[in-house]
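Q: Take this structure first; my questions come after.
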Amino acid sequence: MKRITIFLVSFFCSVCAAQERGDSALLWQRFQQPPADARPMMRWWWFGPAVVHEELDREIAAMKAGGFGGFEVQPVYALSTDDPSNGIVNTPYLSDPFLAALRHTSETARAAGMRMDVTLGSGWPFGGPHVPITEAAAEIRRMELPVPAGAATIGLPFMEAGERAVALFLDATRLPLTKESTVEVRPASQERKAYLFVAGRTGQQVKRAAVGAEGFVIDHISRAAVANHLTAVGDRLLGAFDAATKPYAMFSDSLESYGASWTDDLPQEFERRRGYDLLDHLPALFTEGSDGAPVRFDWARTLSELVDERYLKPINAWANQRGTRFRAQVYGLPPPTLSSNALVDLPEGEGADWRRFNSTRWATSAAHLYERGVVSSETWTWLHSPSWAATPLDMKVEVDRHFLQGVNQIIGHGWPYSPPQVAEPGWAFYAAAAFNDRNPWYPVMPAVTRYVHRVSAMLREGKPDSAVAIYLPTEDAFADMRPARASVNEEMRQRFQPNLIGQVLDAGHTFDFIDASAIAAGKLTHRLLILPGLTRIDPAAFERIAAWVHSGGQVIVAGGLPSSAGGLMDGAAGAQRVQQISRQLLEAESKQRIRVVAPESLGATLRSVLEPTVALTASDPAFGFIRRRLDNGYLYFIANTGQRPISTQARFAGDNGRGEWWDAVTGERRSAGSGNIAIHLAPYESKLLVFVEGLDQVERAAEHRLSPVLDLSKGWRVQAKGAAATPPQPGVSWADDPKLKHYSGSVTYQRSFALKQSDLGSETRLLLDFGTDTPLPDIRQDRPRALVEAPVRDAALVRVNGKEAGAVWMPPWRLDVTSLLRPGKNEIEVVVMNTAINALSARPPSKRLLELRYGARFKEEDWDKLQPPPSGLLRPVTLVRAAQ
C-alpha cells in the first residue's frame with residue numbers, strides 16, 4: 001500500500017509539473033503571439049460626416065497595417081463646407097447615405113478581421129434634433145426676487161417652455177404656489193428677498209455634433225428621454241447592420257451634462273426613496289456650510305440612483321437585447337458612482353496621472369472589484385498638443401501610465417478620417433493627437449502597437465492582485481455637491497490629502513478604490529483598507545468593514561474616523577450607529593488591526609504593517625508597477641515613468657527564484673534571478689517580470705559595458721524626396737536649414753562601412769547607437785509628453801545589408817544589428833521621419849467660411865505652439881560593442 005501511495009504521489013506531482021510547464025509555455029507563446037482582441041483600437045472621427053466608401057476602405061487597411069485591431073466610429077463636426085466639385089459633401093447624421101457608409105464600413109471591418117464599435121450618438125453628451133425641450137437636460141436653479149418694504153405680493157417671472165416654478169421661499173418659509181402670476185405675502189417694514197426655485201432646462205447643446213445631429217442634450221435621468229434616444233438614434237444606427245455585422249459594442253463617452261441636477265419627477269422619486277418632501281428643503285442645495293449637507297446628500301444620492309436605473313441599466317439591456325454590448329465611461333454629470341461601472345459590459349476610463357485620483361483608476365478599480373476581465377481607457381486625448389505634435393515615444397509615455405492603473409484595452413484618441421484631396425496632413429480633431437497614416441512617422445506605428453498589444457495581452461492574464469483598497473469618500477462628496485456641478489468623480493479630486501496616493505505607491509503597493517456599494521456586495525477582499533479622513537460613511541458598509549476587521553482585516557485611518565451617516569433620512573440614529581462602530585473599531589486598536597494616523601504618516605505606517613509587494617532599495621516616484629496573480633505564479637509590469645534612468649535593486653513578493661524579464665518591445669526574455677533583483681531602466685523604459693515555473697532556462701540579464709567600434713558620424717549619403725535642399729549629416733537638425741525648416745516627411749541616410757572578422761566574435765553583440773537623450777525639466781503639464789530631447793526626431797527605420805533591422809523610437813536609442821553584419825563591406829540605411837508640425841507651422845489652416853456656415857463648433861487648441869521642431873538624426877551615430 002505504501003508503494004502504491006508513493007507511486008500515486010509521484011504520478012500526480014509529475015502531472016502537476018507537466019501542467020505547470022504547459023501553462024508557462026502557453027504564457028510565453030501568448031506573449032510572443034498575443035490574441036488579436038488585445039490589439040489597441042482607434043477612435044475614428046468622421047468629420048461632417050463627409051466620407052466615401054473608397055477612402056473608408058483605404059483607412060481601414062491602413063489601421064490594420066499599423067497594428068490596430070479595430071476602431072470606434074464617432075461622427076463629429078464638419079471640417080469643410082460642402083464642396084461637390086472637390087468631392088467633399090457632408091452627409092447628414094442618420095440619413096440613408098450615412099447608414100450605408102456605416103454598413104459598408106462594418107462589412108469591410110469584418111472581412112479584415114477587425115472590431116468595430118459605434119458611438120451611440122454624435123458628439124457628446126447624447127442628444128440631437130429628436131430631443132424636445134421637455135426631455136432636455138434639466139436643472140434646478142434659484143432666482144432672487146426683491147420684495148420691497150410694504151409689498152403685499154411677489155410677482156413671478158415668465159416661465160419658458162419646459163420650465164416651471166416649484167417652490168418659493170420668503171423668510172425661510174415656503175409659500176404656496178398657484179397658477180397665478182403673483183403670490184400674496186404679509187407686508188413688512190423692511191425690504192426682503194424671496195427665492196424662487198425653478199425646475200428648468202440647462203439648454204446645453206450637443207458638443208461637436210455632426211451635420212444634422214445638432215440639438216439639446218438629453219435628460220440622462222429621464223426614462224422618456226433615454227427611451228426616445230434609443231429609439232430615434234440607437235435603433236436607427238443598428239438598423240444599418242445585419243446579424244453578422246453588428247458592432248461589437250455601442251459606446252457612451254463621459255457624462256458632461258453641465259448643470260444637470262433635476263428631472264421632472266424628481267420630487268416624487270425623492271419622497272419615495274428618502275421619505276420626505278425635497279421641495280420643503282430646496283434652499284439647502286444652494287447654501288454654503290454644513291447646515292444643508294444632509295439634504296444635499298439625499299438629493300445627490302437620488303440623482304445617482306436615477307443615473308443607474310434610467311441611463312446605464314436600460315442602455316446596457318437595450319444593447320444586449322440587440323446582440324451587442326455597452327462600453328461606457330461611467331463618470332461625470334449627473335453623478336454615477338464607482339460601483340455604477342458594474343452596470344455596463346465594458347467599463348472605460350481616461351486620465352494618465354497614475355499618482356493622483358483620476359477616472360482611469362476609477363474604472364479599473366470597478367473592473368477589478370466586479371470581475372470585468374477587460375477594461376479600456378481613452379488614451380492620448382491631450383497628448384503633446386497641438387494635433388500632429390505627438391511622437392511614438394510620447395505614445396509610450398502615456399500608455400504606460402494607463403497600464404500602471406490596470407488598463408488592458410487601449411482606445412487611441414485618435415484617427416481622423418481625411419479625404420485624400422485635402423492638403424497634407426489632412427484633417428485632425430481639435431483636442432487630440434493625430435495618428436493616421438498621413439502622419440510622417442506612421443511607418444513606425446507597427447512597432448508601437450506591437451508593444452501595446454503584448455502588454456495589453458499580458459495584463460489580461462490571471463487576476464488583478466492588489467493588497468490595498470482605498471475607500472472613496474462618496475458620502476462626503478454627495479453632501480458637498482451643488483446643482484452647478486453634481487459629479488462624484490470631480491469631487492474626488494479635491495478630497496484626497498496631498499500625496500495620499502503617492503504614499504501608498506511609494507510604500508511598495510498598488511491599490512483599488514472601493515465604495516460603499518462594493519463593500520456591501522462583499523467585494524472587500526484586500527488585506528488592508530485605507531479610510532482617507534471621512535466625515536460621513538454609509539452605516540451598512542461601515543458595519544461590513546467592522547466585521548472584516550474582526551476577521552483579520554487591517555485599517556489605516558488617515559485623519560479621523562467618520563461620525564455621520566450622511567443624509568437627513570438617516571437622522572440622528574444613523575449618526576449614532578456610525579459613531580458606535582467607530583468606537584468599536586478603536587477598541588480593535590489594541591489588536592493592531594486599526595491605526596489612526598496623521599495623513600503625512602500614512603506611507604510610513606503602511607510600510608510598518610504590511611510587507612511591500614515591491615521593495616525598492618531606494619524609493620523613486622518615477623518607478624511604477626502593477627501585479628497580476630497567475631495560476632502558477634505572478635506577472636509584474638514595471639515602468640520608468642520619468643525622463644532619467646533608474647538603476648536600483650528590488651525584492652518582489654512571489655519571487656520563486658525563477659524570475660525572467662520579458663521585453664515587450666523586442667520580444668526577448670532574459671533571466672532576472674531572484675532576491676535583490678537588479679533593475680536598470682532607461683528613461684520611459686518598461687518591462688514585464690514573470691515568476692513562473694516550467695520555462696526553459698535563459699541567459700541572465702546583465703549590465704553591459706559599451707565600447708566604440710566605428711565612428712559613423714560622417715560620410716552619409718543623405719536625401720529627401722521632394723525637399724528643397726539636401727539635408728545635413730547626422731548631428732544637425734534638418735530644420736536648421738531655412739529651406740528645410742518646414743519640411744515634414746522622411747529623410748534617408750545611407751553609408752557603407754567595413755568590419756573585420758575579429759569584430760564579429762561569437763560572444764560579441766554589436767549595436768547601432770544613435771546617442772543619448774537629454775532630460776527636460778520635470779514639470780506638471782496639461783498636455784503630457786516625453787520630457788526628453790531625443791537624439792532621433794522623431795522615429796527611424798533601419799536596414800542593414802538590405803534586411804530590416806528594426807525601428808528606433810524610444811530610449812535607449814540603440815538597435816542590436818549583430819545578426820545582420822558580415823565581414824567586409826556592410827551597407828546601412830536609416831530612414832528618419834519627423835512630425836507634420838514642421839509643415840503645418842508654415843500654413844496654419846483657416847476656418848472662416850466653415851464657421852460662417854456652421855458656427856464656431858470648436859476651438860483649435862495650442863496653435864500658438866506651431867513652431868517647427870528639430871528633425872532628423874541629432875547626435876553622431878556609432879557602432880558599439882556590448883560586453884559584460
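For the C-alpha cells, the naming scheme is as follows: chains receive sequential letters (A, B, ...) according to their order of presentation, residues are indexed from 1 within each chain, and ligands are indexed from 1 in presentation order.
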A:Phe623: which residues within 6 Å, counting only C-alpha atoms, same-chain residues fewer than 2 positions away excluded, as an MDAnalysis selection string?

A: chainID A and resid 620:621 639:640

Q: Can you pull out the residues contacting stretch 791-793 of chain A? Cut-off 7 Å, using only C-alpha atoms, and skip same-chain residues under 2 positions away; I want them as an mmCIF file with N, CA and C atoms, in the first residue's frame.

A:
```cif
data_model
loop_
_atom_site.group_PDB
_atom_site.id
_atom_site.type_symbol
_atom_site.label_atom_id
_atom_site.label_comp_id
_atom_site.auth_asym_id
_atom_site.auth_seq_id
_atom_site.Cartn_x
_atom_site.Cartn_y
_atom_site.Cartn_z
ATOM 1 N N PHE A 770 22.498 55.611 -31.479
ATOM 2 C CA PHE A 770 22.119 56.895 -32.072
ATOM 3 C C PHE A 770 22.298 58.058 -31.097
ATOM 4 N N GLY A 771 22.912 57.778 -29.949
ATOM 5 C CA GLY A 771 23.175 58.840 -28.995
ATOM 6 C C GLY A 771 22.206 58.827 -27.830
ATOM 7 N N THR A 772 22.410 59.715 -26.905
ATOM 8 C CA THR A 772 21.599 59.763 -25.681
ATOM 9 C C THR A 772 20.618 60.933 -25.738
ATOM 10 N N ASP A 773 19.578 60.809 -24.928
ATOM 11 C CA ASP A 773 18.619 61.905 -24.824
ATOM 12 C C ASP A 773 19.005 62.811 -23.669
ATOM 13 N N GLU A 789 14.856 65.592 -24.756
ATOM 14 C CA GLU A 789 15.260 65.968 -26.112
ATOM 15 C C GLU A 789 15.887 64.726 -26.735
ATOM 16 N N ALA A 795 11.410 59.341 -35.303
ATOM 17 C CA ALA A 795 11.446 57.888 -35.344
ATOM 18 C C ALA A 795 12.217 57.474 -36.589
ATOM 19 N N MET A 833 11.929 59.925 -39.832
ATOM 20 C CA MET A 833 10.667 60.621 -40.084
ATOM 21 C C MET A 833 10.369 61.570 -38.937
ATOM 22 N N ASN A 834 9.880 62.748 -39.256
ATOM 23 C CA ASN A 834 9.506 63.708 -38.216
ATOM 24 C C ASN A 834 7.980 63.799 -38.139
ATOM 25 N N PRO A 870 13.042 70.499 -34.049
ATOM 26 C CA PRO A 870 14.192 69.831 -34.662
ATOM 27 C C PRO A 870 13.778 68.516 -35.313
ATOM 28 N N SER A 871 14.501 68.148 -36.368
ATOM 29 C CA SER A 871 14.163 66.938 -37.117
ATOM 30 C C SER A 871 15.429 66.252 -37.603
ATOM 31 N N GLY A 872 15.376 64.905 -37.644
ATOM 32 C CA GLY A 872 16.491 64.137 -38.190
ATOM 33 C C GLY A 872 17.307 63.435 -37.122
ATOM 34 N N LEU A 873 18.539 63.050 -37.482
ATOM 35 C CA LEU A 873 19.488 62.448 -36.547
ATOM 36 C C LEU A 873 20.265 63.578 -35.885
ATOM 37 N N LEU A 874 20.029 63.804 -34.611
ATOM 38 C CA LEU A 874 20.577 64.974 -33.925
ATOM 39 C C LEU A 874 21.859 64.680 -33.165
ATOM 40 N N ARG A 875 22.310 63.416 -33.146
ATOM 41 C CA ARG A 875 23.568 63.059 -32.496
ATOM 42 C C ARG A 875 24.393 62.227 -33.480
#
```

Q: Contacts of stretch 445-449 of chain A at 9 Å or less, counting only C-alpha atoms, minus same-chain residues fewer than 5 places along, as a list in words?

A: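 That gives Arg39, Pro40, Ala65, Gly66, Gly67, Phe68, Pro392, Leu393, Met395, Lys396, Phe435, Asp437, Arg454, Val665, Gly806, Ala807 and Trp809 of chain A.
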
Q: Could you save the residues just selected, with all heavy atoms, as a short mmCIF file (atom, residue, chain, number, x, y, z; two decimals), in the first residue's frame?

A:
```cif
data_model
loop_
_atom_site.label_atom_id
_atom_site.label_comp_id
_atom_site.auth_asym_id
_atom_site.auth_seq_id
_atom_site.Cartn_x
_atom_site.Cartn_y
_atom_site.Cartn_z
N ARG A 39 -5.30 43.81 -29.31
CA ARG A 39 -4.69 44.90 -30.07
C ARG A 39 -5.31 46.24 -29.68
O ARG A 39 -6.49 46.31 -29.34
CB ARG A 39 -4.88 44.69 -31.58
CG ARG A 39 -4.13 43.51 -32.16
CD ARG A 39 -4.32 43.46 -33.67
NE ARG A 39 -3.72 42.27 -34.25
CZ ARG A 39 -2.43 42.15 -34.58
NH1 ARG A 39 -1.63 43.19 -34.39
NH2 ARG A 39 -1.97 41.03 -35.10
N PRO A 40 -4.54 47.31 -29.75
CA PRO A 40 -5.14 48.63 -29.49
C PRO A 40 -6.15 48.99 -30.57
O PRO A 40 -6.08 48.50 -31.70
CB PRO A 40 -3.94 49.58 -29.52
CG PRO A 40 -2.92 48.88 -30.37
CD PRO A 40 -3.11 47.40 -30.10
N ALA A 65 -2.72 47.64 -41.11
CA ALA A 65 -1.28 47.59 -41.37
C ALA A 65 -0.49 48.21 -40.24
O ALA A 65 0.65 47.80 -39.97
CB ALA A 65 -0.97 48.30 -42.69
N GLY A 66 -1.07 49.19 -39.55
CA GLY A 66 -0.40 49.82 -38.43
C GLY A 66 -0.47 49.03 -37.14
O GLY A 66 0.11 49.45 -36.13
N GLY A 67 -1.19 47.91 -37.16
CA GLY A 67 -1.25 47.06 -35.97
C GLY A 67 -2.46 47.28 -35.09
O GLY A 67 -2.51 46.75 -33.97
N PHE A 68 -3.44 48.05 -35.54
CA PHE A 68 -4.65 48.27 -34.75
C PHE A 68 -5.65 47.16 -35.01
O PHE A 68 -5.79 46.67 -36.12
CB PHE A 68 -5.25 49.63 -35.06
CG PHE A 68 -4.37 50.78 -34.66
CD1 PHE A 68 -3.62 51.47 -35.59
CD2 PHE A 68 -4.26 51.13 -33.33
CE1 PHE A 68 -2.79 52.50 -35.22
CE2 PHE A 68 -3.42 52.17 -32.93
CZ PHE A 68 -2.68 52.85 -33.88
N PRO A 392 6.04 58.72 -31.39
CA PRO A 392 5.90 57.38 -30.83
C PRO A 392 6.30 57.29 -29.36
O PRO A 392 5.66 56.59 -28.58
CB PRO A 392 6.81 56.53 -31.73
CG PRO A 392 6.82 57.25 -33.04
CD PRO A 392 6.78 58.71 -32.67
N LEU A 393 7.36 57.98 -28.98
CA LEU A 393 7.76 57.95 -27.57
C LEU A 393 6.70 58.59 -26.69
O LEU A 393 6.40 58.10 -25.60
CB LEU A 393 9.10 58.65 -27.38
CG LEU A 393 9.61 58.71 -25.93
CD1 LEU A 393 9.72 57.32 -25.31
CD2 LEU A 393 10.94 59.45 -25.85
N MET A 395 3.58 58.50 -27.18
CA MET A 395 2.53 57.49 -27.06
C MET A 395 2.86 56.49 -25.96
O MET A 395 2.01 56.14 -25.14
CB MET A 395 2.34 56.75 -28.39
CG MET A 395 1.81 57.61 -29.52
SD MET A 395 1.71 56.71 -31.08
CE MET A 395 0.31 55.62 -30.76
N LYS A 396 4.11 56.04 -25.94
CA LYS A 396 4.50 55.06 -24.91
C LYS A 396 4.47 55.67 -23.52
O LYS A 396 4.04 55.02 -22.56
CB LYS A 396 5.90 54.52 -25.21
CG LYS A 396 6.32 53.41 -24.25
CD LYS A 396 7.70 52.88 -24.56
CE LYS A 396 8.01 51.66 -23.70
NZ LYS A 396 8.00 51.96 -22.25
N PHE A 435 -3.16 60.21 -35.33
CA PHE A 435 -2.34 59.01 -35.51
C PHE A 435 -2.68 58.25 -36.78
O PHE A 435 -2.48 57.04 -36.85
CB PHE A 435 -2.52 58.08 -34.30
CG PHE A 435 -2.00 58.67 -33.02
CD1 PHE A 435 -2.86 58.92 -31.97
CD2 PHE A 435 -0.67 58.99 -32.87
CE1 PHE A 435 -2.39 59.48 -30.78
CE2 PHE A 435 -0.19 59.54 -31.69
CZ PHE A 435 -1.05 59.79 -30.64
N ASP A 437 -2.34 57.46 -41.04
CA ASP A 437 -1.16 57.20 -41.86
C ASP A 437 -0.72 58.41 -42.67
O ASP A 437 0.21 58.30 -43.48
CB ASP A 437 -1.41 56.00 -42.78
CG ASP A 437 -2.53 56.24 -43.77
OD1 ASP A 437 -3.45 57.01 -43.46
OD2 ASP A 437 -2.50 55.64 -44.86
N ARG A 454 1.30 43.47 -26.85
CA ARG A 454 1.89 42.48 -25.93
C ARG A 454 1.54 42.78 -24.48
O ARG A 454 1.16 41.89 -23.71
CB ARG A 454 3.40 42.43 -26.12
CG ARG A 454 3.87 41.66 -27.36
CD ARG A 454 5.36 41.76 -27.50
NE ARG A 454 5.85 40.90 -28.58
CZ ARG A 454 6.88 41.20 -29.36
NH1 ARG A 454 7.55 42.34 -29.16
NH2 ARG A 454 7.27 40.38 -30.32
N VAL A 665 9.01 45.28 -26.15
CA VAL A 665 9.42 46.00 -27.36
C VAL A 665 10.14 45.05 -28.31
O VAL A 665 9.83 44.98 -29.50
CB VAL A 665 10.32 47.20 -27.01
CG1 VAL A 665 10.87 47.86 -28.28
CG2 VAL A 665 9.56 48.21 -26.17
N GLY A 806 14.96 46.94 -37.73
CA GLY A 806 14.04 47.35 -36.68
C GLY A 806 13.79 48.84 -36.67
O GLY A 806 14.26 49.58 -37.54
N ALA A 807 13.05 49.27 -35.67
CA ALA A 807 12.67 50.68 -35.52
C ALA A 807 13.39 51.29 -34.33
O ALA A 807 13.64 50.62 -33.32
CB ALA A 807 11.15 50.79 -35.34
N TRP A 809 12.74 54.35 -31.80
CA TRP A 809 11.73 55.34 -31.44
C TRP A 809 11.67 55.63 -29.95
O TRP A 809 10.84 56.44 -29.50
CB TRP A 809 10.35 54.88 -31.93
CG TRP A 809 9.92 53.53 -31.42
CD1 TRP A 809 10.29 52.32 -31.91
CD2 TRP A 809 9.03 53.26 -30.33
NE1 TRP A 809 9.70 51.30 -31.19
CE2 TRP A 809 8.91 51.84 -30.23
CE3 TRP A 809 8.31 54.05 -29.44
CZ2 TRP A 809 8.11 51.23 -29.27
CZ3 TRP A 809 7.51 53.45 -28.48
CH2 TRP A 809 7.41 52.06 -28.41
#
```

Q: Using only C-alpha atoms, determine which residues lie at most 6 Å from stretch 576-587 of chain A, disregarding the query and same-chain residues fewer than 3 positions distant; provide the list as a PyMOL selection string.

A: chain A and resi 539+563+573

Q: Write the residues of the selection above to a file with N, CA, C and O atoms, as a compact mmCIF listing (two decimals), in the first residue's frame.

A:
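Everything below was put into result_32.txt:
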```txt
# COMPACT_ATOMS: atom_id res chain seq x y z
N PRO A 539 -23.73 53.54 6.85
CA PRO A 539 -23.70 52.66 8.03
C PRO A 539 -23.59 51.18 7.69
O PRO A 539 -22.86 50.44 8.37
N SER A 563 -18.10 60.25 11.56
CA SER A 563 -19.02 60.44 12.68
C SER A 563 -20.46 60.62 12.23
O SER A 563 -21.35 60.76 13.07
N ALA A 573 -30.18 58.65 14.40
CA ALA A 573 -29.93 57.22 14.62
C ALA A 573 -28.80 56.73 13.74
O ALA A 573 -27.95 55.94 14.18
```

Q: Which residues are near A:Tyr195? Cut-off 7 Å, only C-alpha atoms, ignore same chain within fewer than 2 positions. Put them as an MDAnalysis selection string.

A: chainID A and resid 142:145 168:170 193 197

Q: Could you tell me how far atom CA of A:Val397 sits from atom CA of A:Asp736, in Å to one decimal place?

A: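 Here the two named atoms are 27.3 Å from each other.
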